[in-house]
Amino acid sequence: MRIALNAMLPLIVLSPFFLLPLVVRLGKQRAQWAALLALWPAVLAVYFGALMRQVGQAGPVQASLGWAASLGLELSFYADGLSLLFALLISGVGSLIVLFSSRYFDQDPRAGRFQAILFAFMGSMLGLVLADNLLALVAFWELTGFTSYLLIGFEHERAEARSAALQALIVTGAGGMALLAAGVLIGQAAGSFNLSALLARGVRLEDAASYPFVAVLVLLAAFTKSAQTPFHFWLPNAMTAPTPVSAYLHSATMVKAGLYLVARMTPLVGETPLWNGLVTAVGAITMAIGAWRSVAETDLKRVLAYSTVSALGLIMMLLGVGTEAAVAGALVYLSAHAGYKGGLFLVAGTLEHEVGTRNVTELSGLRRSMPVLAVAGLLAACSMAGIPLFLGFTGKELLYDSLLGAGGGWGPLLLLAAVGASALMGAAAFIAGWSPFAGSGGPAPEHKVPAALAAPPLIMAAAGLAAGIWPGAIDGVIGLAVSGVLGDAPPVRLSLWHGLTPVLGLSLLTLALVAVLFRWRIGVRRRIEPLRMDFERGYTLALRGLDALSAWSLRALQGGSLRAYVLVLIMIVGGLVLTVLISQGLPGFPDVMDVQPQEAAAALLIVGGAISAARSKSIITAVLSLGLTGYGVGLTFLLFGAPDLAMTQFSVETLTAVIFVLVFYHHRSVGPMSTWPIRLRDSLMAVLFGGSIAAVLLFVGAADTPLRLSGYFAENALPLAHGRNIVNVILVDFRALDTMGEITVLSTAALGVFAVLRLGRDMKS
Amino acid sequence: MELILAIAAGALYGTGFYMMLRRRLGQLIVGLGLLSNGTNLLIFTAGGLTRARAPIIAGDAQELARPYADPVPQALVLTAIVIGFGVLAFSLVLAHRVHIATGADDIEEIESGQ
């Protein structure tokens with residue numbers, strides 16, 4: 001049994017991907033059939049539960065899937081308490097979301113696509129929390145960002161949805177890049193990319209030279225993904241996604257990937273002043289800002305989005321505090337949040353689905369027509385507000401307890417912020433979960449809420465109550481997860497009643513504040529609403545700057561001017577060559593003055609022709625001068641034992657001159673077109689470049705190259721190829737394939753010439 | 001002799017690029033031709049100069065008489081000459097077409113799309 005569970009892990013993690021073809025087909029069927037899809041995540045949840053039990057007894061497990069073993073690549077997965085807690089949330093909440101979506105998208109032609117992306121996301125998220133290899137983790141991280149992009153922009157005909165999707169992709173994608181860099185740095189510093197190996201060896205990167213970079217890069221990834229200030233703006237905008245997506249990705253699972261990362265990396269790079277300070281401070285600020293804005297919104301989903309930002313900040317802060325109580329509190333809070341916030345989002349989605357609006361100010365009195373949904377909303381709100389008996393209360397007790405215990409001068413300030421944020425979040429909870437159902441009047445739905453829409457939020461909300469009343473059900477799981485972060489931690493004991501402690505006093509104070517804020521919520525909203533800070537401005541400015549930069553660099557580097565390209569090319573190549581030559585010392589002149597008259601004449605022909613071409617006023621003179629240089633080169637070939645080359649050169653040169661004259665006969669070109677400073681600049685460049693080429697040639701000549709290859713050809717030309725002209729034999733026999741390629745090139749050029757000339761004729765006629 | 005041929009190759013490169021920096025289409029192509037010649041000379045010289053017989057086995061001999069000029073750079077240069085010619089011919093016709101299509105001879109004028 002044990003071995004079987006282990007070995008199945010990779011296939012289980014990847015199973016949502018394997019099922020995609022089936023999901024697309026089943027997803028677009030009628031709701032009662034599509035609902036069957038929810039069974040698979042439920043099966044996964046059971047599996048992860050069983051694996052959790054095994055891990056509790058026998059320690060973390062690791063399993064790989066051979067992929068390209070010869071390259072040392074394998075897809076390996078690692079499961080310990082921490083990753084399994086996340087996996088349980090992903091599959092458990094995922095099952096309910098799939099069930100909800102089947103009804104939410106009933107009779108919608110896009111349902112199959114939606115369910116398929118949802119499953120792809122589920123697989124990516126499972127991969128993220130269970131990946132063993134850091135680089136695989138990064139890949140799954142990016143996959144969750146990509147599927148999130150597709151889901152936020154699901155209603156792609158709306159410009160608002162498209163820009164929100166792109167924004168989320170850019171912000172979290174930038175974090176993904178940072179994570180990739182961090183992963184590579186960790187791998188270099190620690191010598192392994194495998195989390196299982198790093199954690200088992202107890203590697204700490206604190207003393208590595210790259211440590212500050214690693215820490216900051218990892219945190220950048222975590223902060224962007226988990227919507228921490230100042231990156232949090234993308235999350236409220238992502239609310240343009242269909243509601244099941246908001247519930248699943250942007251509340252219960254994906255945005256918690258950053259928290260997972262921080263928790264996962266704590267043993268490797270955490271527990272330093274830099275790490276704990278940054279995580280605590282950013283978390284606390286995010287918590288405060290999110291809670292503050294959550295009561296100012298009127299759109300149900302935006303209320304929930306800002307309270308999610310706040311909760312993410314709160315959990316981040318607890319991870320930063322880093323004591324056992326704090327980490328346990330963070331994980332309890334995280335689990336409670338997945339339940340109640342997922343539930344509240346689904347309630348909001350159902351309201352919108354049935355009533356057609358999610359504006360708080362327009363919704364009221366719905367408890368009569370939607371009693372089940374009202375119960376779900378109320379239960380979820382109670383958990384979120386931290387009413388005793390609910391899991392949210394347990395989480396809040398742990399929060400206060402760990403902050404009271406935390407040392408340092410910041411403790412009281414953090415505690416104050418936590419109490420304030422909790423009170424605001426509690427008010428937001430009832431605004432979202434109860435105010436649509438309270439009071440009287442308001443819109444009336446046409447029919448009863450279908451069970452598939454009402455059941456998932458009810459189950460999520462009720463789970464919070466059940467776990468609150470019976471904490472023994474989850475404290476084993478939480479304890480295992482805590483030991484995944486802090487090593488061997490003593491077992492966590494969650495309980496409902498802690499006695500008459502200061503913590504209980506703080507909880508009661510918070511509840512009193514919640515009551516006050518909820519009672520006067522309209523006044524509070526009116527006061528807070530105008531006070532907003534525009535965090536999105538940085539994003540907008542950065543994008544605009546990037547646009548301007550690329551436009552500028554395009555103009556500067558790809559201006560479309562051939563002459564500018566040539567100039568840049570000369571400057572770079574000439575500069576490099578000269579730098580090397582000067583650093584190496586200029587070459588000597590070994591017996592170079594041994595010149596015979598006919599050789600000097602050939603060289604003179606070349607140099608004279610070249611200068612004459614450059615100075616010529618008419619194109620015909622230039623072409624003839626080009627011909628002179630060609631004949632000079634041919635003569636050189638002839639003088640140094642290369643008659644074949646000479647013959648080819650002479651005929652090619654003659655042909656070139658003829659074609660030139662034919663084509664350019666009608667061009668009247670008299671006098672230079674550039675001004676003299678430009679010509680002077682170009683001449684200087686030309687002299688420098690020509691000089692560097694000459695110097696290179698002298699260098700090469702000074703090095704004695706062995707004739708091994710030539711010797712082989714010379715010896716074997718007659719016996720093997722039955723040819724006496726070695727050059728010919730090389731071309732048509734030893735290197736015949738090259739020559740064939742050359743013939744192909746020439747034929748293509750000839751075809752091109754023919755086609756271009758014909759084109760001209762057709763256009764004229 | 002290497003020094004003189006190095007200067008000759010340098011002159012071909014220098015004037016070739018100078019011509020490519022001019023504004024007339026015709027000058028651009030002539031520059032290309034100069035560069036092509038310069039490159040052939042460069043490879044040939046770099047392969048080592050031998051004032052000796054061509055690498056051809058005499059009719060009555062069974063072996064190549066030493067010393068002989070190195071056949072490998074010669075084979076390379078032969079290919080280069082022919083390919084260079086192909087490139088030059090195609091550029092020429094292309095320039096011709098551009099001239100007919102735009103009626104202009106000035107590269108800057110053509111680039112600016114006037």
# chains A, B, ... in the order shown; residues from 1 in each chain; ligands from 1

call {"tool": "residues_around", "arguments": {"residues": "stretch 56-70 of chain B", "least_positions_apart": "6", "cutoff": "6 Å", "atoms": "only C-alpha atoms", "output": "list in words"}}
result
Gly641, Arg724, Asn725 and Ile726 of chain A; Thr50 of chain B

call {"tool": "write_last_selection", "arguments": {"atoms": "N, CA and C atoms", "output": "PDB file, in the first residue's frame"}}
result
ATOM      1  N   GLY A 641      51.003  30.245 -58.215  1.00  0.00           N
ATOM      2  CA  GLY A 641      50.684  28.829 -58.419  1.00  0.00           C
ATOM      3  C   GLY A 641      49.223  28.471 -58.360  1.00  0.00           C
ATOM      4  N   ARG A 724      44.592  14.604 -61.735  1.00  0.00           N
ATOM      5  CA  ARG A 724      45.924  15.154 -61.576  1.00  0.00           C
ATOM      6  C   ARG A 724      45.900  16.591 -61.071  1.00  0.00           C
ATOM      7  N   ASN A 725      44.823  17.303 -61.351  1.00  0.00           N
ATOM      8  CA  ASN A 725      44.706  18.683 -60.857  1.00  0.00           C
ATOM      9  C   ASN A 725      44.077  18.632 -59.460  1.00  0.00           C
ATOM     10  N   ILE A 726      44.936  18.862 -58.426  1.00  0.00           N
ATOM     11  CA  ILE A 726      44.474  18.630 -57.048  1.00  0.00           C
ATOM     12  C   ILE A 726      43.278  19.514 -56.693  1.00  0.00           C
TER      13      ILE A 726
ATOM     14  N   THR B  50      53.197  30.560 -51.982  1.00  0.00           N
ATOM     15  CA  THR B  50      54.317  29.763 -52.486  1.00  0.00           C
ATOM     16  C   THR B  50      54.564  30.159 -53.931  1.00  0.00           C
TER      17      THR B  50
END

call {"tool": "residues_around", "arguments": {"residues": "B:Val93", "least_positions_apart": "3", "cutoff": "10 Å", "atoms": "only C-alpha atoms", "output": "PDB file with N, CA, C and O atoms, in the first residue's frame"}}
result
ATOM      1  N   ILE A 659      27.955  43.004 -67.263  1.00  0.00           N
ATOM      2  CA  ILE A 659      26.612  43.144 -66.681  1.00  0.00           C
ATOM      3  C   ILE A 659      26.438  44.528 -66.077  1.00  0.00           C
ATOM      4  O   ILE A 659      25.411  45.186 -66.259  1.00  0.00           O
ATOM      5  N   PHE A 660      27.466  44.979 -65.384  1.00  0.00           N
ATOM      6  CA  PHE A 660      27.426  46.309 -64.773  1.00  0.00           C
ATOM      7  C   PHE A 660      27.099  47.375 -65.798  1.00  0.00           C
ATOM      8  O   PHE A 660      26.195  48.192 -65.605  1.00  0.00           O
ATOM      9  N   VAL A 663      23.567  47.235 -67.025  1.00  0.00           N
ATOM     10  CA  VAL A 663      22.538  47.672 -66.085  1.00  0.00           C
ATOM     11  C   VAL A 663      22.640  49.156 -65.795  1.00  0.00           C
ATOM     12  O   VAL A 663      21.644  49.868 -65.729  1.00  0.00           O
ATOM     13  N   PHE A 664      23.856  49.645 -65.644  1.00  0.00           N
ATOM     14  CA  PHE A 664      24.024  51.014 -65.163  1.00  0.00           C
ATOM     15  C   PHE A 664      24.339  52.008 -66.264  1.00  0.00           C
ATOM     16  O   PHE A 664      24.704  53.139 -65.980  1.00  0.00           O
ATOM     17  N   GLY A 752      16.823  33.994 -59.543  1.00  0.00           N
ATOM     18  CA  GLY A 752      16.441  35.280 -58.977  1.00  0.00           C
ATOM     19  C   GLY A 752      16.669  36.397 -59.976  1.00  0.00           C
ATOM     20  O   GLY A 752      15.798  37.242 -60.196  1.00  0.00           O
ATOM     21  N   VAL A 753      17.843  36.377 -60.605  1.00  0.00           N
ATOM     22  CA  VAL A 753      18.160  37.411 -61.595  1.00  0.00           C
ATOM     23  C   VAL A 753      17.130  37.397 -62.709  1.00  0.00           C
ATOM     24  O   VAL A 753      16.552  38.430 -63.072  1.00  0.00           O
ATOM     25  N   PHE A 754      16.854  36.196 -63.179  1.00  0.00           N
ATOM     26  CA  PHE A 754      15.893  36.052 -64.274  1.00  0.00           C
ATOM     27  C   PHE A 754      14.524  36.581 -63.854  1.00  0.00           C
ATOM     28  O   PHE A 754      13.901  37.369 -64.570  1.00  0.00           O
ATOM     29  N   ALA A 755      14.084  36.167 -62.668  1.00  0.00           N
ATOM     30  CA  ALA A 755      12.758  36.560 -62.209  1.00  0.00           C
ATOM     31  C   ALA A 755      12.659  38.069 -62.058  1.00  0.00           C
ATOM     32  O   ALA A 755      11.686  38.682 -62.484  1.00  0.00           O
ATOM     33  N   VAL A 756      13.689  38.665 -61.465  1.00  0.00           N
ATOM     34  CA  VAL A 756      13.634  40.105 -61.240  1.00  0.00           C
ATOM     35  C   VAL A 756      13.608  40.854 -62.572  1.00  0.00           C
ATOM     36  O   VAL A 756      12.873  41.828 -62.742  1.00  0.00           O
ATOM     37  N   LEU A 757      14.393  40.379 -63.528  1.00  0.00           N
ATOM     38  CA  LEU A 757      14.396  41.051 -64.835  1.00  0.00           C
ATOM     39  C   LEU A 757      13.047  40.893 -65.522  1.00  0.00           C
ATOM     40  O   LEU A 757      12.519  41.835 -66.099  1.00  0.00           O
TER      41      LEU A 757
ATOM     42  N   LEU B  88      26.901  39.172 -56.407  1.00  0.00           N
ATOM     43  CA  LEU B  88      27.047  40.460 -57.082  1.00  0.00           C
ATOM     44  C   LEU B  88      26.022  40.602 -58.198  1.00  0.00           C
ATOM     45  O   LEU B  88      25.361  41.642 -58.314  1.00  0.00           O
ATOM     46  N   ALA B  89      25.866  39.534 -58.991  1.00  0.00           N
ATOM     47  CA  ALA B  89      24.920  39.595 -60.108  1.00  0.00           C
ATOM     48  C   ALA B  89      23.519  39.846 -59.588  1.00  0.00           C
ATOM     49  O   ALA B  89      22.783  40.682 -60.117  1.00  0.00           O
ATOM     50  N   PHE B  90      23.148  39.125 -58.509  1.00  0.00           N
ATOM     51  CA  PHE B  90      21.797  39.288 -57.984  1.00  0.00           C
ATOM     52  C   PHE B  90      21.595  40.689 -57.418  1.00  0.00           C
ATOM     53  O   PHE B  90      20.567  41.333 -57.665  1.00  0.00           O
ATOM     54  N   HIS B  96      18.983  47.428 -59.867  1.00  0.00           N
ATOM     55  CA  HIS B  96      18.390  47.886 -61.109  1.00  0.00           C
ATOM     56  C   HIS B  96      16.872  48.003 -60.961  1.00  0.00           C
ATOM     57  O   HIS B  96      16.265  49.008 -61.356  1.00  0.00           O
ATOM     58  N   ARG B  97      16.266  46.960 -60.364  1.00  0.00           N
ATOM     59  CA  ARG B  97      14.820  46.955 -60.168  1.00  0.00           C
ATOM     60  C   ARG B  97      14.411  48.097 -59.247  1.00  0.00           C
ATOM     61  O   ARG B  97      13.425  48.793 -59.503  1.00  0.00           O
ATOM     62  N   VAL B  98      15.163  48.288 -58.176  1.00  0.00           N
ATOM     63  CA  VAL B  98      14.836  49.366 -57.236  1.00  0.00           C
ATOM     64  C   VAL B  98      14.871  50.699 -57.972  1.00  0.00           C
ATOM     65  O   VAL B  98      13.992  51.543 -57.809  1.00  0.00           O
ATOM     66  N   HIS B  99      15.869  50.847 -58.820  1.00  0.00           N
ATOM     67  CA  HIS B  99      15.997  52.089 -59.575  1.00  0.00           C
ATOM     68  C   HIS B  99      14.792  52.288 -60.483  1.00  0.00           C
ATOM     69  O   HIS B  99      14.223  53.388 -60.549  1.00  0.00           O
TER      70      HIS B  99
END

call {"tool": "atom_distance", "arguments": {"atom1": "atom CA of A:Gly377", "atom2": "atom CA of A:Arg158"}}
result
29.4 Å

call {"tool": "interface_residues", "arguments": {"of": "chain B", "to": "chain A", "cutoff": "6 Å", "atoms": "only C-alpha atoms", "output": "ChimeraX atom specification"}}
result
/B:1-3,6-8,10-15,18,21,46,50-57,69,71-72,75,78,86,90

call {"tool": "residues_around", "arguments": {"residues": "B:Pro73", "least_positions_apart": "5", "cutoff": "9 Å", "atoms": "only C-alpha atoms", "output": "compact mmCIF listing (two decimals) with N, CA and C atoms, in the first residue's frame"}}
result
# COMPACT_ATOMS: atom_id res chain seq x y z
N ILE B 43 41.85 35.42 -48.14
CA ILE B 43 41.92 33.97 -47.88
C ILE B 43 43.14 33.37 -48.56
N PHE B 44 43.37 33.81 -49.79
CA PHE B 44 44.48 33.25 -50.56
C PHE B 44 45.82 33.53 -49.88
N THR B 45 45.99 34.77 -49.46
CA THR B 45 47.26 35.13 -48.82
C THR B 45 47.40 34.45 -47.47
N ALA B 46 46.29 34.40 -46.73
CA ALA B 46 46.35 33.79 -45.40
C ALA B 46 46.71 32.32 -45.49
N GLY B 47 46.37 31.68 -46.61
CA GLY B 47 46.67 30.27 -46.77
C GLY B 47 48.15 30.00 -46.99
N GLY B 48 48.93 31.06 -47.13
CA GLY B 48 50.37 30.87 -47.34
C GLY B 48 50.71 31.01 -48.81
N LEU B 78 38.26 29.38 -54.87
CA LEU B 78 37.52 29.14 -56.10
C LEU B 78 36.02 29.19 -55.82

call {"tool": "residues_around", "arguments": {"residues": "A:Tyr211", "least_positions_apart": "3", "cutoff": "12 Å", "atoms": "only C-alpha atoms", "output": "list in words"}}
result
Ala182, Gly183, Leu185, Ile186, Gln188, Ala189, Ala190, Arg204, Leu205, Glu206, Asp207, Ala208, Val214, Ala215, Val216, Leu217, Val218, Leu268, Val269, Gly270, Thr272, Leu274 and Trp275 of chain A

call {"tool": "write_last_selection", "arguments": {"atoms": "N, CA and C atoms", "output": "short mmCIF file (atom, residue, chain, number, x, y, z; two decimals), in the first residue's frame"}}
result
data_model
loop_
_atom_site.label_atom_id
_atom_site.label_comp_id
_atom_site.auth_asym_id
_atom_site.auth_seq_id
_atom_site.Cartn_x
_atom_site.Cartn_y
_atom_site.Cartn_z
N ALA A 182 16.39 33.19 -9.05
CA ALA A 182 16.67 32.72 -7.70
C ALA A 182 16.97 31.22 -7.71
N GLY A 183 16.17 30.47 -8.49
CA GLY A 183 16.37 29.03 -8.56
C GLY A 183 17.76 28.68 -9.06
N LEU A 185 20.42 30.59 -8.96
CA LEU A 185 21.41 30.99 -7.94
C LEU A 185 21.47 29.96 -6.81
N ILE A 186 20.29 29.50 -6.40
CA ILE A 186 20.27 28.51 -5.31
C ILE A 186 20.98 27.24 -5.77
N GLN A 188 23.26 26.90 -7.96
CA GLN A 188 24.72 27.11 -8.03
C GLN A 188 25.35 27.12 -6.65
N ALA A 189 24.68 27.80 -5.73
CA ALA A 189 25.28 27.95 -4.40
C ALA A 189 25.21 26.65 -3.61
N ALA A 190 24.12 25.89 -3.82
CA ALA A 190 23.91 24.71 -2.96
C ALA A 190 24.30 23.42 -3.67
N ARG A 204 21.80 25.62 4.27
CA ARG A 204 21.39 27.01 4.52
C ARG A 204 22.25 27.93 3.66
N LEU A 205 21.59 28.86 2.99
CA LEU A 205 22.33 29.71 2.05
C LEU A 205 22.76 31.02 2.68
N GLU A 206 22.51 31.14 3.96
CA GLU A 206 22.71 32.43 4.64
C GLU A 206 24.10 33.00 4.39
N ASP A 207 25.12 32.13 4.32
CA ASP A 207 26.49 32.62 4.21
C ASP A 207 26.98 32.71 2.78
N ALA A 208 26.16 32.28 1.82
CA ALA A 208 26.58 32.35 0.42
C ALA A 208 26.68 33.81 -0.01
N VAL A 214 19.39 36.13 -3.68
CA VAL A 214 18.46 35.01 -3.63
C VAL A 214 17.23 35.39 -2.82
N ALA A 215 17.47 35.93 -1.62
CA ALA A 215 16.35 36.24 -0.73
C ALA A 215 15.41 37.24 -1.39
N VAL A 216 15.99 38.31 -1.95
CA VAL A 216 15.14 39.35 -2.52
C VAL A 216 14.39 38.82 -3.75
N LEU A 217 15.06 38.01 -4.57
CA LEU A 217 14.40 37.49 -5.77
C LEU A 217 13.26 36.55 -5.39
N VAL A 218 13.51 35.66 -4.42
CA VAL A 218 12.45 34.75 -4.00
C VAL A 218 11.26 35.55 -3.47
N LEU A 268 15.61 27.01 3.78
CA LEU A 268 16.80 27.21 2.94
C LEU A 268 17.35 28.63 3.06
N VAL A 269 16.48 29.60 2.88
CA VAL A 269 16.97 30.99 2.81
C VAL A 269 16.35 31.88 3.88
N GLY A 270 15.45 31.33 4.68
CA GLY A 270 14.76 32.17 5.64
C GLY A 270 15.50 32.28 6.96
N THR A 272 16.52 34.81 8.64
CA THR A 272 17.57 35.82 8.77
C THR A 272 16.87 37.15 9.00
N LEU A 274 17.08 39.91 7.35
CA LEU A 274 16.61 40.46 6.08
C LEU A 274 15.28 39.83 5.71
N TRP A 275 15.26 38.50 5.72
CA TRP A 275 14.09 37.74 5.29
C TRP A 275 12.90 38.04 6.20
#

call {"tool": "residues_around", "arguments": {"residues": "A:Val477", "least_positions_apart": "3", "cutoff": "9 Å", "atoms": "only C-alpha atoms", "output": "PyMOL selection string"}}
result
chain A and resi 52-53+56+81-82+84-85+473-474+480-482

call {"tool": "select_by_dssp", "arguments": {"residues": "chain B", "states": "helix (DSSP H, G or I)", "output": "ChimeraX atom specification"}}
result
/B:2-20,25-46,71-102,107-111

call {"tool": "closest_residue", "arguments": {"among": "B:Ile4, B:Ala9, B:Ile100, B:Leu76", "to": "B:Asn37", "atoms": "only C-alpha atoms"}}
result
B:Ala9

call {"tool": "select_by_dssp", "arguments": {"residues": "chain B", "states": "strand (DSSP E or B)", "output": "list in words"}}
result
Arg24, Arg53, Ile56, Tyr68 and Asp106 of chain B

call {"tool": "atom_distance", "arguments": {"atom1": "atom CA of A:Thr510", "atom2": "atom CA of A:Phe430"}}
result
13.9 Å

call {"tool": "decode", "arguments": {"residues": "stretch 409-427 of chain A", "atoms": "N, CA and C atoms", "output": "PDB file, in the first residue's frame"}}
result
ATOM      1  N   GLY A 409      10.508  45.415  19.384  1.00  0.00           N
ATOM      2  CA  GLY A 409       9.709  46.602  19.615  1.00  0.00           C
ATOM      3  C   GLY A 409       8.515  46.721  18.696  1.00  0.00           C
ATOM      4  N   TRP A 410       8.522  45.902  17.621  1.00  0.00           N
ATOM      5  CA  TRP A 410       7.450  46.025  16.644  1.00  0.00           C
ATOM      6  C   TRP A 410       6.208  45.244  17.065  1.00  0.00           C
ATOM      7  N   GLY A 411       6.366  44.347  18.044  1.00  0.00           N
ATOM      8  CA  GLY A 411       5.261  43.490  18.463  1.00  0.00           C
ATOM      9  C   GLY A 411       3.958  44.242  18.698  1.00  0.00           C
ATOM     10  N   PRO A 412       3.956  45.246  19.589  1.00  0.00           N
ATOM     11  CA  PRO A 412       2.700  45.956  19.872  1.00  0.00           C
ATOM     12  C   PRO A 412       2.093  46.604  18.628  1.00  0.00           C
ATOM     13  N   LEU A 413       2.957  47.150  17.775  1.00  0.00           N
ATOM     14  CA  LEU A 413       2.449  47.810  16.568  1.00  0.00           C
ATOM     15  C   LEU A 413       1.777  46.785  15.650  1.00  0.00           C
ATOM     16  N   LEU A 414       2.450  45.635  15.489  1.00  0.00           N
ATOM     17  CA  LEU A 414       1.874  44.588  14.647  1.00  0.00           C
ATOM     18  C   LEU A 414       0.540  44.131  15.234  1.00  0.00           C
ATOM     19  N   LEU A 415       0.492  44.013  16.563  1.00  0.00           N
ATOM     20  CA  LEU A 415      -0.737  43.563  17.213  1.00  0.00           C
ATOM     21  C   LEU A 415      -1.863  44.559  16.972  1.00  0.00           C
ATOM     22  N   LEU A 416      -1.514  45.835  17.093  1.00  0.00           N
ATOM     23  CA  LEU A 416      -2.516  46.884  16.862  1.00  0.00           C
ATOM     24  C   LEU A 416      -3.040  46.791  15.426  1.00  0.00           C
ATOM     25  N   ALA A 417      -2.110  46.664  14.483  1.00  0.00           N
ATOM     26  CA  ALA A 417      -2.512  46.569  13.075  1.00  0.00           C
ATOM     27  C   ALA A 417      -3.376  45.340  12.867  1.00  0.00           C
ATOM     28  N   ALA A 418      -3.019  44.223  13.506  1.00  0.00           N
ATOM     29  CA  ALA A 418      -3.770  42.988  13.315  1.00  0.00           C
ATOM     30  C   ALA A 418      -5.188  43.129  13.852  1.00  0.00           C
ATOM     31  N   VAL A 419      -5.333  43.763  15.014  1.00  0.00           N
ATOM     32  CA  VAL A 419      -6.675  43.949  15.582  1.00  0.00           C
ATOM     33  C   VAL A 419      -7.501  44.840  14.661  1.00  0.00           C
ATOM     34  N   GLY A 420      -6.892  45.946  14.198  1.00  0.00           N
ATOM     35  CA  GLY A 420      -7.618  46.856  13.309  1.00  0.00           C
ATOM     36  C   GLY A 420      -8.018  46.171  12.016  1.00  0.00           C
ATOM     37  N   ALA A 421      -7.080  45.453  11.420  1.00  0.00           N
ATOM     38  CA  ALA A 421      -7.365  44.798  10.150  1.00  0.00           C
ATOM     39  C   ALA A 421      -8.425  43.725  10.344  1.00  0.00           C
ATOM     40  N   SER A 422      -8.349  42.995  11.451  1.00  0.00           N
ATOM     41  CA  SER A 422      -9.333  41.942  11.697  1.00  0.00           C
ATOM     42  C   SER A 422     -10.724  42.542  11.836  1.00  0.00           C
ATOM     43  N   ALA A 423     -10.805  43.680  12.519  1.00  0.00           N
ATOM     44  CA  ALA A 423     -12.113  44.306  12.685  1.00  0.00           C
ATOM     45  C   ALA A 423     -12.681  44.735  11.331  1.00  0.00           C
ATOM     46  N   LEU A 424     -11.830  45.352  10.516  1.00  0.00           N
ATOM     47  CA  LEU A 424     -12.292  45.788   9.197  1.00  0.00           C
ATOM     48  C   LEU A 424     -12.696  44.588   8.342  1.00  0.00           C
ATOM     49  N   MET A 425     -11.873  43.521   8.394  1.00  0.00           N
ATOM     50  CA  MET A 425     -12.188  42.329   7.609  1.00  0.00           C
ATOM     51  C   MET A 425     -13.472  41.682   8.087  1.00  0.00           C
ATOM     52  N   GLY A 426     -13.694  41.718   9.423  1.00  0.00           N
ATOM     53  CA  GLY A 426     -14.936  41.165   9.947  1.00  0.00           C
ATOM     54  C   GLY A 426     -16.131  41.925   9.403  1.00  0.00           C
ATOM     55  N   ALA A 427     -16.007  43.257   9.372  1.00  0.00           N
ATOM     56  CA  ALA A 427     -17.091  44.058   8.813  1.00  0.00           C
ATOM     57  C   ALA A 427     -17.298  43.714   7.350  1.00  0.00           C
TER      58      ALA A 427
END
